[in-house]
Amino acid sequence: MLSTIDVIDAYLTGRPDTDFSTVTGRDLESFGERVREFSAHQTPEIDADQHPIYLGGWPSANFALLGGDMILSSLLYSGQVLVRDPIADWFSVEQYRVEHMMSARPGFHPSGEDAETRIRRTRAFLTTVVPQIMRMRPLIEAGIVVPVPSEQLYFQERGRIDLLRRDIETKLSIDPVAYATRFSAEEIATEDNVRGFFAMAPGPEPAPQIHKALRHGVRYFAREFTLADRYGVTYTAPFAHERYLCQEGVSPIVGTSNRVVEAILRSGLPVFHNLTPEVIRDVHDDDTFGEFRSTLHQVYQGTPVEDPAAATAYVRDQENALLRPLINEGEKAASRGLLARLGASLSQNKFAIAAALATDTIVGTLGAATAITVAGTFADDAIKSRRGSGPVRIWSALVAHTQRASDEVTRVQHAPAAVSIPGTPWGIPREPGMSISVTAGQLIWDADPRALADTDEEERSRLGVYGPCRCGSGQKFKFCCAGLR
Ligand SMILES: [Zn+2]
């Protein structure tokens with residue numbers, strides 16, 4: 001078995017139900033057990049030669065819901081993309097042993113919830129998310145997208161994550177009010193399904209509360225960064241806030257014992273329109289894109305990192321000589337080649353790639369405890385293949401675009417601030433008041449209950465255990481959720 005898709009297939013095969021809308025509560029429970037068994041023994045097939053990446057700040061965490069042109073285009077330029085397995089995480093027990101925001105996905109078994117309520121929510125989640133995962137099946141089966149469970153790793157690595165989180169916080173010297181001016185609350189991801197949405201007490205001194213919000217964002221970032229690091233893939237920041245945390249938080253930590261230079265490509269990579277998982281799979285290893293990826297890596301590997309000026313000059317020269325012709329080819333492919341035949345077209349948008357590079361002398365000079373947190377995995381077997389010769393990419397970023405997370409992920413709901421006072425950080429009222437104000441935010445709505453059967457409460461009270469179950473299966477309670485705790 002390669003992914004949770006196989007677990008879903010195996011489970012639904014031979015059942016009369018073709019989806020999760022009508023299976024009984026007991027059966028959903030046993031499906032969850034199979035998912036946990038699978039997660040515990042899964043070995044994801046990550047190929048270091050493909051220079052795999054993790055797209056932080058939502059795209060990898062919500063890959064099934066990706067729908068924007070930029071991230072889908074970026075899959076053509078990436079050999080392999082590590083993503084989070086939403087089904088594995090929904091059913092994980094570890095999610096209840098690490099800190100989460102109140103607004104995080106509740107998972108299969110939040111405490112204090114009765115069986116019918118939690119099964120109903122699980123059913124709503126599965127009927128919403130599973131079809132989206134199936135849409136991504138061509139990319140998963142081709143090994144371009146590799147789903148992994150994350151909550152268990154967050155639990156196992158909680159010590160390191162906490163250390164990294166604290167180290168990053170000490171490096172971020174920004175004043176909270178300046179931070180709130182630079183980034184809107186909506187830009188700060190704190191959970192896979194939540195950005196912003198911070199509860200704030202009105203008052204003349206908002207800084208401590210903004211600082212607290214920042215810390216939630218750093219925790220989310222530290223988890224994703226550690227996940228990427230553990231699997232030996234390069235953390236990639238698609239949006240400004242994550243890039244800021246990489247530049248100001250991660251680079252200085254690694255840089256305490258090593259030089260880190262940032263290499264930025266000047267070329268705009270074309271963003272394609274109408275890409276589907278099938279089209280991406282079909283053209284991913286087309287000559288143009290395959291060559292582009294391997295040349296891109298050659299450029300990075302040869303970068304002299306001792307001297308930032310020399311690094312910039314080198315990247316610019318190599319880019320002009322090697323990458324530009326390939327990018328032009330890619331654009332042609334969209335207008336008259338394979339991409340065009342498959343229905344994709346060139347959009348007006350472009351993006352570029354930035355990467356922070358450090359030499360692998362890192363391995364020999366691990367002195368500071370702080371550097372170990374980020375660079376510690378360089379000593380792990382899993383990561384050895386990433387080293388080879390030349391510099392190591394600490395992180396990379398997609399830059400020079402105007403896309404936001406909500407442009408790239410579907411099912412995002414915007415929530416404006418309930419009260420927003422112009423001229424104050426995040427609109428937090430300066431006048432002390434009794435009521436809490438909530439900043440602007442975004443939530444992903446991925447447990448749509450509308451497809452579920454409603455419960456006729458009158459019938460339920462009349463028929464008792466033989467009445468309809470409240471979990472939305474349309475079955476009798478006695479044969480559905482009775483006995484579940
Ligand atoms: Zn039920």
# chains A, B, ... in the order shown; residues from 1 in each chain; ligands from 1
call {"tool": "residues_near_ligand", "arguments": {"ligand": "ligand 1", "cutoff": "7 Å", "atoms": "only C-alpha atoms and all ligand atoms", "output": "list in words"}}
result
Thr24, Gly25, Glu116, Ile119, Cys469, Arg470, Cys471, Gly472, Ser473, Gln475, Phe477, Cys480 and Cys481 of chain A
call {"tool": "select_by_dssp", "arguments": {"residues": "stretch 93-217 of chain A", "states": "helix (DSSP H, G or I)", "output": "MDAnalysis selection string"}}
result
chainID A and resid 94:97 115:135 137:141 151:156 158:171 176:182 185:187 207:217
call {"tool": "residues_around", "arguments": {"residues": "A:Ala88", "least_positions_apart": "6", "cutoff": "7 Å", "atoms": "only C-alpha atoms", "output": "list in words"}}
result
Val35, Arg36, Ser39 and Pro149 of chain A
call {"tool": "write_last_selection", "arguments": {"atoms": "C-alpha atoms", "output": "PDB file, in the first residue's frame"}}
result
ATOM      1  CA  VAL A  35      -6.034   4.217   8.863  1.00  0.00           C
ATOM      2  CA  ARG A  36      -4.078   4.335  12.134  1.00  0.00           C
ATOM      3  CA  SER A  39      -0.050   5.377   9.302  1.00  0.00           C
ATOM      4  CA  PRO A 149       0.800  11.648   8.446  1.00  0.00           C
TER       5      PRO A 149
END
call {"tool": "residues_around", "arguments": {"residues": "A:Tyr314", "least_positions_apart": "6", "cutoff": "12 Å", "atoms": "only C-alpha atoms", "output": "list in words"}}
result
Ala263, Ile264, Leu265, Gln298, Val299, Tyr300, Gln301, Gly302, Thr303, Pro304, Val305, Asp307, Pro308, Asn320, Ala321 and Leu322 of chain A
call {"tool": "residues_around", "arguments": {"residues": "stretch 268-283 of chain A", "least_positions_apart": "5", "cutoff": "6 Å", "atoms": "only C-alpha atoms", "output": "PyMOL selection string"}}
result
chain A and resi 69-70+73+136+138-139+344-347+349-352
call {"tool": "write_last_selection", "arguments": {"atoms": "C-alpha atoms", "output": "short mmCIF file (atom, residue, chain, number, x, y, z; two decimals), in the first residue's frame"}}
result
data_model
loop_
_atom_site.label_atom_id
_atom_site.label_comp_id
_atom_site.auth_asym_id
_atom_site.auth_seq_id
_atom_site.Cartn_x
_atom_site.Cartn_y
_atom_site.Cartn_z
CA ASP A 69 -2.80 28.27 -10.79
CA MET A 70 0.42 29.18 -9.06
CA SER A 73 2.14 25.29 -11.85
CA MET A 136 -5.39 14.21 -6.73
CA PRO A 138 -2.99 10.80 -10.55
CA LEU A 139 -0.34 12.87 -8.77
CA ALA A 344 -3.60 24.40 -20.34
CA SER A 345 -2.71 27.96 -21.21
CA LEU A 346 -0.25 30.61 -20.15
CA SER A 347 -1.59 33.07 -17.59
CA ASN A 349 1.20 35.72 -13.74
CA LYS A 350 4.74 34.67 -13.00
CA PHE A 351 6.71 33.77 -9.96
CA ALA A 352 10.37 33.30 -9.15
#
call {"tool": "closest_residue", "arguments": {"among": "A:Gln413, A:Ser251, A:Thr22, A:Thr288", "to": "A:Leu76", "atoms": "only C-alpha atoms"}}
result
A:Thr288
call {"tool": "atom_distance", "arguments": {"atom1": "atom CA of A:Ala180", "atom2": "atom CA of A:Asp192"}}
result
21.2 Å
call {"tool": "residues_around", "arguments": {"residues": "stretch 10-21 of chain A", "least_positions_apart": "2", "cutoff": "9 Å", "atoms": "only C-alpha atoms", "output": "list in words"}}
result
Ile5, Asp6, Val7, Ile8, Val23, Thr24, Leu28, Phe31, Arg34, Arg123, Ala124, Leu126, Thr127, Val130, Pro131, Ala451, Leu452, Ala453, Gly472, Ser473 and Gly474 of chain A
call {"tool": "write_last_selection", "arguments": {"atoms": "C-alpha atoms", "output": "compact mmCIF listing (two decimals), in the first residue's frame"}}
result
# COMPACT_ATOMS: atom_id res chain seq x y z
CA ILE A 5 -6.02 6.14 -0.98
CA ASP A 6 -5.28 2.43 -0.98
CA VAL A 7 -6.77 2.09 2.50
CA ILE A 8 -9.91 3.86 1.28
CA VAL A 23 -21.66 3.50 6.38
CA THR A 24 -22.51 2.82 10.00
CA LEU A 28 -16.40 4.31 10.37
CA PHE A 31 -12.06 2.33 9.13
CA ARG A 34 -7.22 0.71 9.66
CA ARG A 123 -18.69 11.52 8.18
CA ALA A 124 -19.04 15.13 7.02
CA LEU A 126 -14.80 12.22 4.87
CA THR A 127 -17.59 12.92 2.39
CA VAL A 130 -12.18 12.01 0.21
CA PRO A 131 -13.52 13.04 -3.24
CA ALA A 451 -24.88 15.81 2.24
CA LEU A 452 -25.79 13.96 5.43
CA ALA A 453 -29.19 12.61 6.34
CA GLY A 472 -26.24 11.26 9.46
CA SER A 473 -26.02 7.69 8.14
CA GLY A 474 -29.78 7.33 7.75
call {"tool": "closest_atom_pairs", "arguments": {"of": "stretch 287-368 of chain A", "to": "stretch 240-249 of chain A", "cutoff": "12 Å", "atoms": "only C-alpha atoms", "output": "tab-separated table"}}
result
residue	atom	partner	partner_atom	distance
A:Ile353	CA	A:Arg243	CA	11.4
A:Ala354	CA	A:Arg243	CA	9.6
A:Ala355	CA	A:Gln247	CA	10.0
A:Ala356	CA	A:Gln247	CA	8.2
A:Leu357	CA	A:Gln247	CA	11.4
call {"tool": "residues_around", "arguments": {"residues": "stretch 201-211 of chain A", "least_positions_apart": "5", "cutoff": "9 Å", "atoms": "only C-alpha atoms", "output": "VMD selection string"}}
result
chain A and resid 175 to 177 179 to 180 216 424 to 426 428 to 438
call {"tool": "write_last_selection", "arguments": {"atoms": "C-alpha atoms", "output": "tab-separated table (two decimals), in the first residue's frame"}}
result
chain	number	residue	atom	x	y	z
A	175	ASP	CA	8.21	45.10	17.46
A	176	PRO	CA	4.69	43.60	17.66
A	177	VAL	CA	3.01	46.73	16.36
A	179	TYR	CA	4.69	43.17	12.82
A	180	ALA	CA	0.93	43.81	12.77
A	216	HIS	CA	1.01	30.66	17.61
A	424	THR	CA	-4.89	50.51	15.13
A	425	PRO	CA	-2.90	47.26	14.79
A	426	TRP	CA	-5.23	44.63	13.29
A	428	ILE	CA	-8.04	46.16	17.79
A	429	PRO	CA	-10.03	48.84	19.65
A	430	ARG	CA	-7.90	51.07	21.87
A	431	GLU	CA	-10.73	51.78	24.29
A	432	PRO	CA	-10.79	49.18	27.03
A	433	GLY	CA	-14.05	47.29	26.95
A	434	MET	CA	-15.65	44.21	28.35
A	435	SER	CA	-16.07	42.33	25.09
A	436	ILE	CA	-13.38	40.40	23.24
A	437	SER	CA	-12.81	41.42	19.64
A	438	VAL	CA	-11.75	38.90	17.04
call {"tool": "select_by_dssp", "arguments": {"residues": "stretch 89-297 of chain A", "states": "strand (DSSP E)", "output": "list in words"}}
result
Val145, Val146, Pro147, Val148, Ala189, Thr190, Glu191, Val194, Arg195, Gly196, Ala199, Met200, Thr234, Tyr235, Thr236, Ala237, Val260, Val261, Glu262, Ala263, Ile264, Leu269, Pro270, Val271, Phe272 and His273 of chain A
call {"tool": "write_last_selection", "arguments": {"atoms": "C-alpha atoms", "output": "PDB file, in the first residue's frame"}}
result
ATOM      1  CA  VAL A 145       2.818  14.188  -4.487  1.00  0.00           C
ATOM      2  CA  VAL A 146       3.666  12.110  -1.404  1.00  0.00           C
ATOM      3  CA  PRO A 147       1.178  12.238   1.503  1.00  0.00           C
ATOM      4  CA  VAL A 148       2.456  11.573   5.027  1.00  0.00           C
ATOM      5  CA  ALA A 189      -1.479  30.397   9.718  1.00  0.00           C
ATOM      6  CA  THR A 190      -1.864  28.811  13.135  1.00  0.00           C
ATOM      7  CA  GLU A 191      -3.504  25.545  12.095  1.00  0.00           C
ATOM      8  CA  VAL A 194      -7.078  28.482  10.479  1.00  0.00           C
ATOM      9  CA  ARG A 195      -5.313  31.749   9.691  1.00  0.00           C
ATOM     10  CA  GLY A 196      -5.692  34.778  11.938  1.00  0.00           C
ATOM     11  CA  ALA A 199      -9.283  36.850  20.072  1.00  0.00           C
ATOM     12  CA  MET A 200      -8.086  40.191  21.431  1.00  0.00           C
ATOM     13  CA  THR A 234      13.266  21.485   1.423  1.00  0.00           C
ATOM     14  CA  TYR A 235      10.782  23.696   3.235  1.00  0.00           C
ATOM     15  CA  THR A 236       9.405  26.110   0.659  1.00  0.00           C
ATOM     16  CA  ALA A 237       7.537  29.282   1.543  1.00  0.00           C
ATOM     17  CA  VAL A 260      23.930  31.273   4.595  1.00  0.00           C
ATOM     18  CA  VAL A 261      23.452  33.061   1.299  1.00  0.00           C
ATOM     19  CA  GLU A 262      20.210  33.698  -0.430  1.00  0.00           C
ATOM     20  CA  ALA A 263      20.120  33.051  -4.171  1.00  0.00           C
ATOM     21  CA  ILE A 264      17.247  34.587  -6.068  1.00  0.00           C
ATOM     22  CA  LEU A 269       8.472  31.186 -14.133  1.00  0.00           C
ATOM     23  CA  PRO A 270       5.285  30.958 -16.167  1.00  0.00           C
ATOM     24  CA  VAL A 271       2.081  30.271 -14.281  1.00  0.00           C
ATOM     25  CA  PHE A 272      -0.264  28.066 -16.275  1.00  0.00           C
ATOM     26  CA  HIS A 273      -4.000  28.128 -16.298  1.00  0.00           C
TER      27      HIS A 273
END
call {"tool": "atom_distance", "arguments": {"atom1": "atom CA of A:Arg336", "atom2": "atom CA of A:Gln403"}}
result
26.4 Å
call {"tool": "closest_residue", "arguments": {"among": "A:Phe225, A:Asp286, A:His297, A:Pro325", "to": "A:Arg160", "atoms": "only C-alpha atoms"}}
result
A:Phe225
call {"tool": "atom_distance", "arguments": {"atom1": "atom CA of A:Ile394", "atom2": "atom CA of A:Leu326"}}
result
25.0 Å
call {"tool": "closest_residue", "arguments": {"among": "A:Leu484, A:Val412, A:Leu153, A:Val315", "to": "A:Glu186", "atoms": "only C-alpha atoms"}}
result
A:Val412
call {"tool": "closest_residue", "arguments": {"among": "A:Asp49, A:Glu457, A:Val465, A:Asn62", "to": "A:Ala482", "atoms": "only C-alpha atoms"}}
result
A:Val465
call {"tool": "closest_residue", "arguments": {"among": "A:Glu187, A:Asp448, A:Asp47, A:Glu151", "to": "A:Gln80", "atoms": "only C-alpha atoms"}}
result
A:Asp47
call {"tool": "closest_residue", "arguments": {"among": "A:Ala104, A:Ala417, A:Val392, A:Ala142", "to": "A:His51", "atoms": "only C-alpha atoms"}}
result
A:Val392
call {"tool": "decode", "arguments": {"residues": "stretch 162-181 of chain A", "atoms": "N, CA and C atoms", "output": "PDB file, in the first residue's frame"}}
result
ATOM      1  N   ASP A 162       9.660  22.447  19.953  1.00  0.00           N
ATOM      2  CA  ASP A 162       9.587  23.503  20.951  1.00  0.00           C
ATOM      3  C   ASP A 162      10.877  24.315  21.012  1.00  0.00           C
ATOM      4  N   LEU A 163      11.987  23.606  20.898  1.00  0.00           N
ATOM      5  CA  LEU A 163      13.289  24.266  20.906  1.00  0.00           C
ATOM      6  C   LEU A 163      13.427  25.193  19.692  1.00  0.00           C
ATOM      7  N   LEU A 164      13.048  24.662  18.540  1.00  0.00           N
ATOM      8  CA  LEU A 164      13.130  25.463  17.310  1.00  0.00           C
ATOM      9  C   LEU A 164      12.229  26.688  17.420  1.00  0.00           C
ATOM     10  N   ARG A 165      11.044  26.455  17.957  1.00  0.00           N
ATOM     11  CA  ARG A 165      10.083  27.543  18.102  1.00  0.00           C
ATOM     12  C   ARG A 165      10.659  28.658  18.972  1.00  0.00           C
ATOM     13  N   ARG A 166      11.272  28.267  20.085  1.00  0.00           N
ATOM     14  CA  ARG A 166      11.830  29.289  20.978  1.00  0.00           C
ATOM     15  C   ARG A 166      13.022  30.001  20.344  1.00  0.00           C
ATOM     16  N   ASP A 167      13.829  29.226  19.626  1.00  0.00           N
ATOM     17  CA  ASP A 167      14.984  29.842  18.952  1.00  0.00           C
ATOM     18  C   ASP A 167      14.534  30.857  17.910  1.00  0.00           C
ATOM     19  N   ILE A 168      13.507  30.502  17.170  1.00  0.00           N
ATOM     20  CA  ILE A 168      13.016  31.434  16.143  1.00  0.00           C
ATOM     21  C   ILE A 168      12.476  32.695  16.814  1.00  0.00           C
ATOM     22  N   GLU A 169      11.724  32.510  17.883  1.00  0.00           N
ATOM     23  CA  GLU A 169      11.160  33.675  18.579  1.00  0.00           C
ATOM     24  C   GLU A 169      12.244  34.637  19.045  1.00  0.00           C
ATOM     25  N   THR A 170      13.353  34.080  19.531  1.00  0.00           N
ATOM     26  CA  THR A 170      14.398  34.988  20.012  1.00  0.00           C
ATOM     27  C   THR A 170      15.078  35.706  18.850  1.00  0.00           C
ATOM     28  N   LYS A 171      15.051  35.106  17.671  1.00  0.00           N
ATOM     29  CA  LYS A 171      15.669  35.776  16.509  1.00  0.00           C
ATOM     30  C   LYS A 171      14.769  36.868  15.931  1.00  0.00           C
ATOM     31  N   LEU A 172      13.474  36.733  16.141  1.00  0.00           N
ATOM     32  CA  LEU A 172      12.552  37.724  15.578  1.00  0.00           C
ATOM     33  C   LEU A 172      12.495  38.926  16.510  1.00  0.00           C
ATOM     34  N   SER A 173      13.230  39.965  16.131  1.00  0.00           N
ATOM     35  CA  SER A 173      13.317  41.097  17.045  1.00  0.00           C
ATOM     36  C   SER A 173      12.268  42.153  16.736  1.00  0.00           C
ATOM     37  N   ILE A 174      11.353  41.818  15.835  1.00  0.00           N
ATOM     38  CA  ILE A 174      10.387  42.819  15.375  1.00  0.00           C
ATOM     39  C   ILE A 174       9.455  43.266  16.515  1.00  0.00           C
ATOM     40  N   ASP A 175       9.161  44.536  16.515  1.00  0.00           N
ATOM     41  CA  ASP A 175       8.214  45.099  17.461  1.00  0.00           C
ATOM     42  C   ASP A 175       6.803  44.638  17.067  1.00  0.00           C
ATOM     43  N   PRO A 176       5.997  44.168  18.021  1.00  0.00           N
ATOM     44  CA  PRO A 176       4.694  43.595  17.657  1.00  0.00           C
ATOM     45  C   PRO A 176       3.814  44.529  16.829  1.00  0.00           C
ATOM     46  N   VAL A 177       3.866  45.815  17.124  1.00  0.00           N
ATOM     47  CA  VAL A 177       3.013  46.734  16.362  1.00  0.00           C
ATOM     48  C   VAL A 177       3.507  46.838  14.914  1.00  0.00           C
ATOM     49  N   ALA A 178       4.831  46.854  14.731  1.00  0.00           N
ATOM     50  CA  ALA A 178       5.394  46.870  13.378  1.00  0.00           C
ATOM     51  C   ALA A 178       5.035  45.566  12.655  1.00  0.00           C
ATOM     52  N   TYR A 179       5.058  44.473  13.397  1.00  0.00           N
ATOM     53  CA  TYR A 179       4.693  43.170  12.825  1.00  0.00           C
ATOM     54  C   TYR A 179       3.248  43.189  12.328  1.00  0.00           C
ATOM     55  N   ALA A 180       2.353  43.745  13.149  1.00  0.00           N
ATOM     56  CA  ALA A 180       0.933  43.807  12.769  1.00  0.00           C
ATOM     57  C   ALA A 180       0.713  44.759  11.602  1.00  0.00           C
ATOM     58  N   THR A 181       1.624  45.719  11.422  1.00  0.00           N
ATOM     59  CA  THR A 181       1.515  46.619  10.273  1.00  0.00           C
ATOM     60  C   THR A 181       1.985  45.909   9.008  1.00  0.00           C
TER      61      THR A 181
END
